[in-house]
Structures are given as C-alpha cells and as structure tokens.
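Heads up, structure-v1.tsv below (TSV, C-alpha atoms):
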```tsv
chain	number	residue	atom	x	y	z
A	1	MET	CA	0.00	0.00	0.00
A	2	LYS	CA	1.01	3.67	-0.39
A	3	LEU	CA	1.98	5.42	2.85
A	4	ALA	CA	3.06	9.04	3.49
A	5	ILE	CA	5.99	9.46	5.87
A	6	ASN	CA	8.41	12.03	7.23
A	7	GLU	CA	11.99	10.81	6.71
A	8	ARG	CA	13.23	13.25	9.36
A	9	TYR	CA	12.22	16.57	10.90
A	10	GLY	CA	12.23	19.49	8.48
A	11	THR	CA	10.47	21.17	5.55
A	12	VAL	CA	7.98	19.51	3.22
A	13	GLU	CA	10.95	18.02	1.35
A	14	VAL	CA	11.24	15.36	4.09
A	15	ILE	CA	7.83	13.96	3.09
A	16	LYS	CA	7.95	10.78	0.99
A	17	LEU	CA	5.43	8.31	-0.37
A	18	ILE	CA	6.57	4.74	0.11
A	19	ASP	CA	5.26	1.23	-0.44
A	20	ALA	CA	4.48	-0.47	2.85
A	21	PRO	CA	2.74	-3.69	3.90
A	22	VAL	CA	-0.93	-3.51	4.87
A	23	PRO	CA	-0.95	-3.21	8.69
A	24	LYS	CA	-2.12	-6.09	10.83
A	25	ILE	CA	-4.76	-5.62	13.49
A	26	SER	CA	-4.70	-6.55	17.16
A	27	SER	CA	-7.66	-7.95	19.10
A	28	ASN	CA	-9.20	-4.52	19.76
A	29	GLN	CA	-8.61	-3.04	16.31
A	30	VAL	CA	-10.26	-2.91	12.90
A	31	LEU	CA	-8.66	-2.44	9.49
A	32	VAL	CA	-10.01	0.45	7.42
A	33	LYS	CA	-9.53	1.08	3.72
A	34	VAL	CA	-8.93	4.84	3.69
A	35	VAL	CA	-10.86	6.85	1.11
A	36	ALA	CA	-9.95	10.34	2.36
A	37	ALA	CA	-7.60	11.68	5.05
A	38	ALA	CA	-7.49	15.11	6.65
A	39	LEU	CA	-4.42	17.25	7.20
A	40	ASN	CA	-4.14	19.45	10.28
A	41	PRO	CA	-1.70	22.01	11.72
A	42	LYS	CA	-0.68	19.18	14.06
A	43	ASP	CA	0.87	17.40	11.07
A	44	ILE	CA	3.02	20.42	10.27
A	45	LEU	CA	4.13	20.89	13.89
A	46	VAL	CA	5.03	17.20	14.14
A	47	ARG	CA	7.03	17.37	10.89
A	48	LYS	CA	8.94	20.41	12.13
A	49	GLY	CA	9.87	18.64	15.35
A	50	LYS	CA	7.85	20.87	17.66
A	51	PHE	CA	6.69	17.84	19.65
A	52	LYS	CA	9.87	15.75	19.73
A	53	ARG	CA	9.17	14.89	23.34
A	54	PHE	CA	6.11	12.94	22.20
A	55	THR	CA	7.08	11.79	18.69
A	56	GLY	CA	10.66	10.75	19.47
A	57	LYS	CA	13.67	10.51	17.17
A	58	LYS	CA	12.88	7.26	15.41
A	59	PHE	CA	12.18	7.56	11.68
A	60	PRO	CA	10.39	7.21	9.36
A	61	GLN	CA	7.29	8.67	11.01
A	62	SER	CA	3.92	8.15	9.34
A	63	ILE	CA	1.56	11.09	8.73
A	64	GLY	CA	-2.10	11.79	9.45
A	65	PHE	CA	-4.54	11.50	12.35
A	66	ASP	CA	-8.10	11.48	10.96
A	67	PHE	CA	-9.84	9.88	7.99
A	68	SER	CA	-12.91	8.36	6.43
A	69	GLY	CA	-13.16	5.01	4.72
A	70	THR	CA	-14.70	1.56	4.68
A	71	ILE	CA	-14.19	-1.38	7.02
A	72	GLU	CA	-11.85	-3.88	5.41
A	73	ASP	CA	-11.50	-6.24	8.37
A	74	PRO	CA	-13.84	-5.73	11.35
A	75	GLY	CA	-11.82	-8.02	13.60
A	76	THR	CA	-13.81	-8.79	16.74
A	77	SER	CA	-15.80	-5.52	16.61
A	78	SER	CA	-19.48	-5.06	15.77
A	79	TYR	CA	-18.64	-3.36	12.47
A	80	GLU	CA	-19.26	-5.07	9.15
A	81	LYS	CA	-16.98	-5.31	6.13
A	82	GLY	CA	-17.71	-2.43	3.75
A	83	GLU	CA	-19.33	-0.21	6.42
A	84	GLN	CA	-18.53	3.47	6.00
A	85	VAL	CA	-16.76	5.00	9.00
A	86	PHE	CA	-14.83	8.06	10.13
A	87	GLY	CA	-12.41	8.41	13.01
A	88	MET	CA	-9.26	9.79	14.61
A	89	LEU	CA	-6.14	8.19	16.02
A	90	ASN	CA	-5.22	9.00	19.59
A	91	GLY	CA	-1.63	9.80	20.50
A	92	TRP	CA	1.22	11.10	18.39
A	93	GLN	CA	1.82	8.27	15.93
A	94	GLY	CA	-0.11	9.35	12.85
A	95	ARG	CA	-0.66	6.89	9.98
A	96	CYS	CA	-3.91	7.86	8.26
A	97	CYS	CA	-2.34	9.22	5.06
A	98	ALA	CA	-2.21	5.69	3.74
A	99	GLU	CA	-4.38	3.29	1.77
A	100	PHE	CA	-5.13	1.29	4.92
A	101	VAL	CA	-5.06	2.10	8.63
A	102	ASN	CA	-5.40	-0.11	11.71
A	103	ILE	CA	-7.26	1.63	14.51
A	104	ASP	CA	-8.90	0.89	17.83
A	105	ALA	CA	-12.61	0.25	17.29
A	106	LYS	CA	-13.40	2.86	19.98
A	107	GLU	CA	-11.68	5.62	17.96
A	108	LEU	CA	-14.10	5.59	15.03
A	109	TYR	CA	-17.82	5.64	14.32
A	110	LYS	CA	-20.33	5.15	11.54
A	111	MET	CA	-19.99	7.89	8.92
A	112	PRO	CA	-22.99	10.22	8.48
A	113	ASP	CA	-25.06	9.10	5.49
A	114	ASN	CA	-25.42	12.62	4.11
A	115	LEU	CA	-21.68	13.34	3.80
A	116	SER	CA	-19.12	12.58	1.15
A	117	PHE	CA	-15.95	10.80	2.25
A	118	GLU	CA	-14.03	14.06	1.74
A	119	ALA	CA	-16.33	16.01	4.05
A	120	ALA	CA	-16.45	13.29	6.69
A	121	ALA	CA	-12.66	12.96	6.83
A	122	GLY	CA	-12.36	16.58	7.93
A	123	VAL	CA	-14.51	16.23	11.03
A	124	PRO	CA	-13.05	13.86	13.67
A	125	LEU	CA	-10.01	15.81	14.91
A	126	VAL	CA	-11.32	19.37	14.63
A	127	GLY	CA	-14.85	18.41	15.66
A	128	GLN	CA	-13.77	16.62	18.80
A	129	THR	CA	-11.26	19.37	19.62
A	130	ALA	CA	-13.98	22.01	19.44
A	131	LEU	CA	-16.56	19.90	21.25
A	132	GLN	CA	-14.26	18.95	24.11
A	133	ALA	CA	-13.01	22.53	24.44
A	134	ILE	CA	-16.40	24.28	24.36
A	135	ARG	CA	-18.77	21.76	25.95
A	136	ASP	CA	-16.51	19.85	28.35
A	137	ILE	CA	-13.82	22.33	29.38
A	138	GLY	CA	-15.63	25.63	28.77
A	139	GLN	CA	-18.96	24.19	29.94
A	140	LEU	CA	-20.70	26.71	27.70
A	141	LYS	CA	-24.38	27.10	28.56
A	142	SER	CA	-27.21	28.47	26.45
A	143	GLY	CA	-27.13	32.26	26.44
A	144	GLN	CA	-23.47	32.51	27.48
A	145	LYS	CA	-20.94	34.41	25.39
A	146	ILE	CA	-17.99	32.82	23.62
A	147	CYS	CA	-15.22	34.39	21.56
A	148	ILE	CA	-13.54	32.16	18.97
A	149	ASN	CA	-10.18	33.52	17.89
A	150	GLY	CA	-9.35	31.98	14.52
A	151	GLY	CA	-12.88	31.42	13.28
A	152	SER	CA	-12.10	30.65	9.65
A	153	GLY	CA	-9.69	27.73	10.13
A	154	GLY	CA	-10.34	24.03	10.48
A	155	VAL	CA	-11.16	24.05	14.20
A	156	GLY	CA	-12.69	27.52	14.11
A	157	THR	CA	-15.27	26.82	11.41
A	158	ILE	CA	-16.75	23.88	13.29
A	159	ALA	CA	-16.28	25.56	16.70
A	160	ILE	CA	-18.59	28.40	15.61
A	161	GLN	CA	-21.26	25.87	14.65
A	162	ILE	CA	-20.87	23.76	17.80
A	163	ALA	CA	-21.06	26.86	20.00
A	164	ARG	CA	-24.29	27.87	18.23
A	165	ALA	CA	-25.67	24.34	18.60
A	166	LEU	CA	-25.03	24.58	22.34
A	167	GLY	CA	-26.89	27.89	22.53
A	168	GLY	CA	-23.88	30.18	22.81
A	169	ILE	CA	-23.70	33.80	21.68
A	170	VAL	CA	-20.73	33.67	19.32
A	171	THR	CA	-18.14	36.29	18.44
A	172	SER	CA	-15.55	35.23	15.87
A	173	VAL	CA	-12.19	36.81	15.16
A	174	SER	CA	-10.67	36.40	11.70
A	175	SER	CA	-9.16	38.34	8.82
A	176	SER	CA	-11.37	41.00	7.24
A	177	LYS	CA	-11.92	38.91	4.10
A	178	ASN	CA	-13.53	36.15	6.21
A	179	LEU	CA	-16.03	38.24	8.16
A	180	GLU	CA	-19.06	37.24	6.08
A	181	PHE	CA	-17.82	33.67	5.92
A	182	CYS	CA	-17.80	33.40	9.73
A	183	ARG	CA	-21.26	34.99	9.93
A	184	SER	CA	-22.53	32.44	7.41
A	185	LEU	CA	-21.40	29.69	9.80
A	186	GLY	CA	-23.44	31.17	12.63
A	187	ALA	CA	-21.31	33.81	14.34
A	188	HIS	CA	-23.54	36.50	15.85
A	189	TYR	CA	-20.67	38.98	15.70
A	190	SER	CA	-17.63	38.77	13.42
A	191	LEU	CA	-14.56	40.90	14.06
A	192	ALA	CA	-11.52	41.51	11.87
A	193	TYR	CA	-8.34	41.44	13.95
A	194	SER	CA	-6.77	44.15	11.76
A	195	GLU	CA	-9.72	46.53	12.18
A	196	THR	CA	-11.22	45.77	15.60
A	197	PRO	CA	-8.55	44.39	17.95
A	198	ILE	CA	-10.25	41.92	20.26
A	199	LEU	CA	-8.06	42.96	23.18
A	200	ASP	CA	-9.71	46.41	23.03
A	201	SER	CA	-13.21	44.97	23.26
A	202	LYS	CA	-15.51	46.19	26.04
A	203	ASP	CA	-17.45	42.93	25.89
A	204	ARG	CA	-16.93	40.11	28.38
A	205	PHE	CA	-16.95	36.42	27.52
A	206	ASP	CA	-17.71	33.29	29.48
A	207	VAL	CA	-15.32	31.40	27.18
A	208	PHE	CA	-12.41	32.70	25.12
A	209	PHE	CA	-11.41	29.89	22.75
A	210	ASP	CA	-8.00	30.73	21.29
A	211	VAL	CA	-7.93	28.38	18.31
A	212	PHE	CA	-5.20	30.37	16.57
A	213	GLY	CA	-2.99	30.35	19.66
A	214	ASN	CA	-1.56	33.84	19.39
A	215	TYR	CA	-2.91	35.20	22.69
A	216	SER	CA	-2.03	34.26	26.25
A	217	PHE	CA	-4.27	34.00	29.30
A	218	LYS	CA	-2.72	37.15	30.76
A	219	GLU	CA	-3.51	39.12	27.60
A	220	THR	CA	-7.13	38.02	27.53
A	221	ALA	CA	-8.02	37.75	31.24
A	222	HIS	CA	-9.70	41.19	31.20
A	223	LEU	CA	-12.07	39.90	28.50
A	224	LEU	CA	-13.37	37.11	30.73
A	225	THR	CA	-16.34	37.17	33.09
A	226	ASP	CA	-15.61	36.59	36.77
A	227	GLN	CA	-15.58	32.81	36.30
A	228	GLY	CA	-14.68	32.83	32.61
A	229	LYS	CA	-12.35	30.36	30.94
A	230	TYR	CA	-9.53	30.90	28.47
A	231	ILE	CA	-8.93	27.77	26.36
A	232	THR	CA	-6.07	27.23	23.93
A	233	THR	CA	-5.19	24.45	21.51
A	234	VAL	CA	-1.47	25.24	21.55
A	235	PRO	CA	0.70	23.68	24.30
A	236	LYS	CA	3.09	26.59	24.76
A	237	PRO	CA	5.23	26.75	27.95
A	238	ASP	CA	3.25	29.65	29.42
A	239	ILE	CA	-0.03	27.71	29.48
A	240	PHE	CA	1.44	25.07	31.79
A	241	LYS	CA	2.46	27.79	34.24
A	242	GLU	CA	-1.04	29.25	34.09
A	243	LEU	CA	-2.60	25.84	34.79
A	244	ILE	CA	-0.87	25.83	38.18
A	245	TRP	CA	-2.21	29.29	39.06
A	246	ASN	CA	-5.77	28.09	38.41
A	247	PHE	CA	-5.92	26.85	42.00
A	248	TRP	CA	-5.85	30.42	43.30
A	249	ARG	CA	-8.22	32.27	40.96
A	250	LYS	CA	-11.76	32.16	39.62
A	251	LYS	CA	-10.82	32.87	36.02
A	252	LYS	CA	-9.22	29.77	34.52
A	253	ALA	CA	-6.63	29.03	31.83
A	254	LYS	CA	-7.17	25.70	30.09
A	255	LEU	CA	-5.48	23.57	27.43
A	256	VAL	CA	-7.56	21.23	25.29
A	257	VAL	CA	-5.81	17.95	24.46
A	258	VAL	CA	-8.19	16.18	22.13
A	259	LYS	CA	-8.96	12.51	22.58
A	260	SER	CA	-10.94	10.41	20.14
A	261	LYS	CA	-14.05	9.07	21.85
A	262	ARG	CA	-16.84	6.99	20.36
A	263	ALA	CA	-19.45	8.99	22.28
A	264	ASP	CA	-18.19	12.29	20.87
A	265	LEU	CA	-18.04	10.93	17.33
A	266	ASN	CA	-21.62	9.75	17.87
A	267	TRP	CA	-22.64	13.28	18.96
A	268	LEU	CA	-20.96	14.77	15.87
A	269	HIS	CA	-22.55	12.12	13.65
A	270	ASP	CA	-26.03	13.06	14.85
A	271	GLN	CA	-25.44	16.80	14.50
A	272	LEU	CA	-24.07	16.29	10.98
A	273	GLU	CA	-26.98	14.11	9.87
A	274	GLU	CA	-29.44	16.66	11.24
A	275	GLU	CA	-27.42	19.38	9.43
A	276	LYS	CA	-27.03	21.39	12.61
A	277	ILE	CA	-23.33	21.52	11.77
A	278	LYS	CA	-21.68	21.17	8.37
A	279	PRO	CA	-18.05	20.46	7.48
A	280	VAL	CA	-16.18	23.12	5.55
A	281	VAL	CA	-13.65	21.79	3.07
A	282	ASP	CA	-11.37	24.29	1.35
A	283	LYS	CA	-9.35	22.07	-0.98
A	284	VAL	CA	-8.96	18.41	-1.85
A	285	TYR	CA	-5.60	17.09	-3.08
A	286	PRO	CA	-4.55	13.64	-4.28
A	287	LEU	CA	-2.21	11.84	-1.89
A	288	SER	CA	0.63	12.42	-4.38
A	289	ASP	CA	0.30	16.19	-3.76
A	290	ILE	CA	0.68	15.97	0.02
A	291	LYS	CA	3.63	18.39	-0.04
A	292	ALA	CA	1.54	21.09	-1.74
A	293	ALA	CA	-1.33	20.40	0.66
A	294	GLN	CA	0.88	20.91	3.71
A	295	GLU	CA	2.37	24.07	2.18
A	296	TYR	CA	-1.15	25.43	1.78
A	297	ILE	CA	-1.86	24.84	5.46
A	298	GLU	CA	1.38	26.63	6.34
A	299	SER	CA	0.28	29.64	4.25
A	300	LYS	CA	-2.54	30.17	6.81
A	301	ARG	CA	-4.92	30.98	3.92
A	302	ALA	CA	-7.08	27.88	4.33
A	303	LYS	CA	-10.80	28.35	5.04
A	304	GLY	CA	-11.81	25.13	6.71
A	305	LYS	CA	-10.21	21.75	6.04
A	306	ILE	CA	-7.56	20.44	3.67
A	307	ILE	CA	-8.25	16.87	2.56
A	308	LEU	CA	-6.19	14.19	0.85
A	309	GLN	CA	-8.08	11.91	-1.52
A	310	LEU	CA	-6.70	8.40	-1.76
A	311	GLY	CA	-8.52	7.84	-5.05
A	312	GLN	CA	-10.18	10.29	-7.40
A	313	VAL	CA	-9.94	13.94	-6.37
A	314	GLY	CA	-13.24	15.30	-5.04
A	315	GLY	CA	-13.50	19.07	-5.34
A	316	GLU	CA	-13.40	22.36	-3.51
A	317	GLY	CA	-15.75	24.25	-1.22
A	318	LEU	CA	-18.45	22.96	1.11
A	319	ILE	CA	-18.94	19.29	0.37
A	320	SER	CA	-22.16	17.75	1.61
```

Write the structure described by the file as structure tokens, please.
Amino acid sequence: MKLAINERYGTVEVIKLIDAPVPKISSNQVLVKVVAAALNPKDILVRKGKFKRFTGKKFPQSIGFDFSGTIEDPGTSSYEKGEQVFGMLNGWQGRCCAEFVNIDAKELYKMPDNLSFEAAAGVPLVGQTALQAIRDIGQLKSGQKICINGGSGGVGTIAIQIARALGGIVTSVSSSKNLEFCRSLGAHYSLAYSETPILDSKDRFDVFFDVFGNYSFKETAHLLTDQGKYITTVPKPDIFKELIWNFWRKKKAKLVVVKSKRADLNWLHDQLEEEKIKPVVDKVYPLSDIKAAQEYIESKRAKGKIILQLGQVGGEGLIS
C-alpha cells in the first residue's frame, strides 16, 4: 500500500510516499480502507519537530490523524466489512495518510449518510477538539458568550457551529476577508483582527477559545467574566504555568488535548446528519500532492479543512 511518511524533521521536502505492507490488526482493532484523510496544523508541527518529546527521534514517522473510509477487516468488533466509518487516532503516531489504517474500534464511528468521504474525513479531529473545548472544558451554557479567535480555520469553522448548537452567543475573530464567511457559519458577531482588535473589546466572555494560539491567558483575562475560561489548543510553555495558578483564581486558563471518543463521534454524527453543523472543506488534493497540501496549510490561507483523496480527487468548497 502507499503510505506518506516524514523521513526526518524538516520542511515539506522530508515527506515521501513509500510502499508499505498492509498493517495487521490486534484484538481490539479494525482495518479500514482509507478513502480520504485530513491534514491538520498538528501534522506540520510534528514534521517540524515541535513535539519531539512525544514523537521521538525514530524515523520514518507516518503522517495523518483522521480519515474516512470503509471497514476492510472488522476483527472482533461489531462493524461489518464495507461499512462506511470516520475516526481519529489517539496519541502522536499518525498513519492515516495511507491506503489502509489499523485503529482501535473505539476511535471511530459510523460515517454520516449525508456526507461525502471528503467532508467526513475533515470532522473527527477538529470536531472533537472544538466539542471537548467548548462543551466539556468551557462548559458553555445556552445564552453565554464565547469568543472564537481563529474562526475561519479548520477548528474555528466547526467551533462556531458547535457553540451555536449549544446555545452560545458567538463572536468570531478572523481576517477582514472572512467576516461574512464566519457569519454564514453562525457567528452573531464577526470581528476583523486588523480593524477591531479583540483585546480592546468592552465585551466580556464566558469562554475565550484561542484556536489560533496567538494570545495568552494574561492578555485576555480582562475579557473574561468573573468565572470565565480561556482555552487554547497550543501547548506553549506559558499555558502550563497558568494551569498551576488556576488553583488560586476564579478565572481559569485551560489547554484542550483532544482525545478520540466513540461517544463524541456519535454526537458529531447526529449533529451532521441533522445538518445542525456542516463540514467546511477548502481544498482536496490527491495523496501524491501531500507536499503542496501541507504548504497550503502553512500559508494560513485555508478556510476550513484540507483533505487528501486516496482515489479520485473530489473538489473544492463545502462538500455535503
């Protein structure tokens, strides 16, 4: 089978496509034939060696953490051969940018019937990140205010929709060209960081979700309500210091570390089938163009998800 790997840490030039044996499955795993795989900023950070502590120094390292596809070998699970599924690998050993992936049966779920494989592949990592940040960590309640910094990216686009689904009053922060785009996803208020700096806002938020990761808790604390929560997706050194100080203050700094859970994939599945949330796919590339796909993510111009197609290329835009 074809498998995308990083030969070492570095630029996109370290990415190679190799022939590898189809992986075997253990007693708790299933084998999935991958139809589409998503790329995420996590893939770029891993390739650049930003998480060496977790990924180690052993190479080659396989690429990709979420996907959609069909069950090839259900093992001892309740899945059936040919069933359409989507899921996300836990941990730091990606391997979804491949024709087949072995995965724990608890890390995937039945794919929504109303989605294409391309659209479904873009949901598991960003959807669970947003859900676990907003619902579980932020504990956002109906009528509460949330600010989503980085509303037009992969996590941001689905975070806006999840926050709305939970009854939140949503303010998004993005570039000026994406203001209407964020409003179309459900943002009540959409601010351009170049025109209306969020740090100057007089509003107060119950949750400040820093998807983009360019603000610290100290910078945004004045924007929080008395028991408000700042949540980031980026594990920078300062956030770990702030986590310790949480014991002595009402306002909290939090880090979301996403974990693939069957129950959360089930929740996303139901919301997607009811069209309460919709995936946003910017571009679809063939696996052979993985270097160009990662370069596009690094450009920070992506609106929504970047998808790799393991067969015929799908298309661009919102795929439903």

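For the set A:Pro197, A:Pro41, A:Gly91, A:Pro21, the residue with the smallest atom-to-atom gap to A:Ser299 is A:Pro41, counting only C-alpha atoms.
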
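Pairwise distance (atom CA of A:His188, atom CA of A:Phe208) equals 15.0 Å.
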
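For A:Leu140, the list of residues within 9 Å, based on only C-alpha atoms and with local chain neighbours fewer than 3 positions off taken out, reads Ile134, Arg135, Asp136, Ile137, Gly143, Gln144, Lys145, Ile146, Ala163, Leu166, Gly167, Gly168, Asp206 and Val207 of chain A.
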
So that I have them on file, write out the residues from the current selection with C-alpha atoms, as a compact mmCIF listing (two decimals), keeping the file's coordinate frame.
```txt
# COMPACT_ATOMS: atom_id res chain seq x y z
CA ILE A 134 -16.40 24.28 24.36
CA ARG A 135 -18.77 21.76 25.95
CA ASP A 136 -16.51 19.85 28.35
CA ILE A 137 -13.82 22.33 29.38
CA GLY A 143 -27.13 32.26 26.44
CA GLN A 144 -23.47 32.51 27.48
CA LYS A 145 -20.94 34.41 25.39
CA ILE A 146 -17.99 32.82 23.62
CA ALA A 163 -21.06 26.86 20.00
CA LEU A 166 -25.03 24.58 22.34
CA GLY A 167 -26.89 27.89 22.53
CA GLY A 168 -23.88 30.18 22.81
CA ASP A 206 -17.71 33.29 29.48
CA VAL A 207 -15.32 31.40 27.18
```

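Candidate residues A:Asn90, A:Gln271, A:Asn178, A:Ser216 were compared for distance to A:Arg164, and the nearest is A:Gln271, using all atoms listed in the file.
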
Exercise for review: Could you please give me, as a VMD selection string, the residues of protein, DNA or RNA lying at most 9 Å from (-21.8, 19.4, 12.3) in the coordinate frame of the file, considering only C-alpha atoms?
Suggested key: chain A and resid 123 127 158 161 to 162 165 268 to 279

Output of the above residues as a JSON list (two decimals), in the coordinates of the input, restricted to C-alpha atoms:
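Heads up, here's the output in part_5.json:
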```json
[["chain", "number", "residue", "atom", "x", "y", "z"],
["A", 123, "VAL", "CA", -14.51, 16.23, 11.03],
["A", 127, "GLY", "CA", -14.85, 18.41, 15.66],
["A", 158, "ILE", "CA", -16.75, 23.88, 13.29],
["A", 161, "GLN", "CA", -21.26, 25.87, 14.65],
["A", 162, "ILE", "CA", -20.87, 23.76, 17.80],
["A", 165, "ALA", "CA", -25.67, 24.34, 18.60],
["A", 268, "LEU", "CA", -20.96, 14.77, 15.87],
["A", 269, "HIS", "CA", -22.55, 12.12, 13.65],
["A", 270, "ASP", "CA", -26.03, 13.06, 14.85],
["A", 271, "GLN", "CA", -25.44, 16.80, 14.50],
["A", 272, "LEU", "CA", -24.07, 16.29, 10.98],
["A", 273, "GLU", "CA", -26.98, 14.11, 9.87],
["A", 274, "GLU", "CA", -29.44, 16.66, 11.24],
["A", 275, "GLU", "CA", -27.42, 19.38, 9.43],
["A", 276, "LYS", "CA", -27.03, 21.39, 12.61],
["A", 277, "ILE", "CA", -23.33, 21.52, 11.77],
["A", 278, "LYS", "CA", -21.68, 21.17, 8.37],
["A", 279, "PRO", "CA", -18.05, 20.46, 7.48]]
```

Review point. Which residue, A:Ala36, A:Ala159, A:Leu224, A:Cys147, has the smallest gap to A:Pro286 when you use all atoms listed in the file?
Key: A:Ala36

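Taking atom CA of A:Ala37 and atom CA of A:Leu287 as the two end points, the separation is 8.8 Å.
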
Check your understanding: Counting only C-alpha atoms, what is within 9 Å of A:Leu223, bar same-chain residues fewer than 3 positions away, as a PyMOL selection string?
Key -> chain A and resi 198-206+208+219-220+228

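For the residues A:Lys52, A:Lys81, A:Ile44, A:Lys2, ranking by smallest atom-to-atom distance to A:Leu31 using all atoms listed in the file places A:Lys81 first.
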
Taking all listed atoms of stretch 158-176 of chain A, build the axis-aligned box, pad each of the six sides by 3 Å, then write its centre and edge lengths in Å to one decimal as lines of an AutoDock Vina configuration file.
```
center_x = -18.0
center_y = 32.4
center_z = 15.0
size_x = 23.7
size_y = 23.2
size_z = 21.6
```

Check your understanding: Using only C-alpha atoms, which residues sit within 7 Å of A:Pro23 once same-chain residues fewer than 2 positions away are excluded, as a list of chain:residue names?
Key -> A:Pro21, A:Ile25, A:Val101, A:Asn102
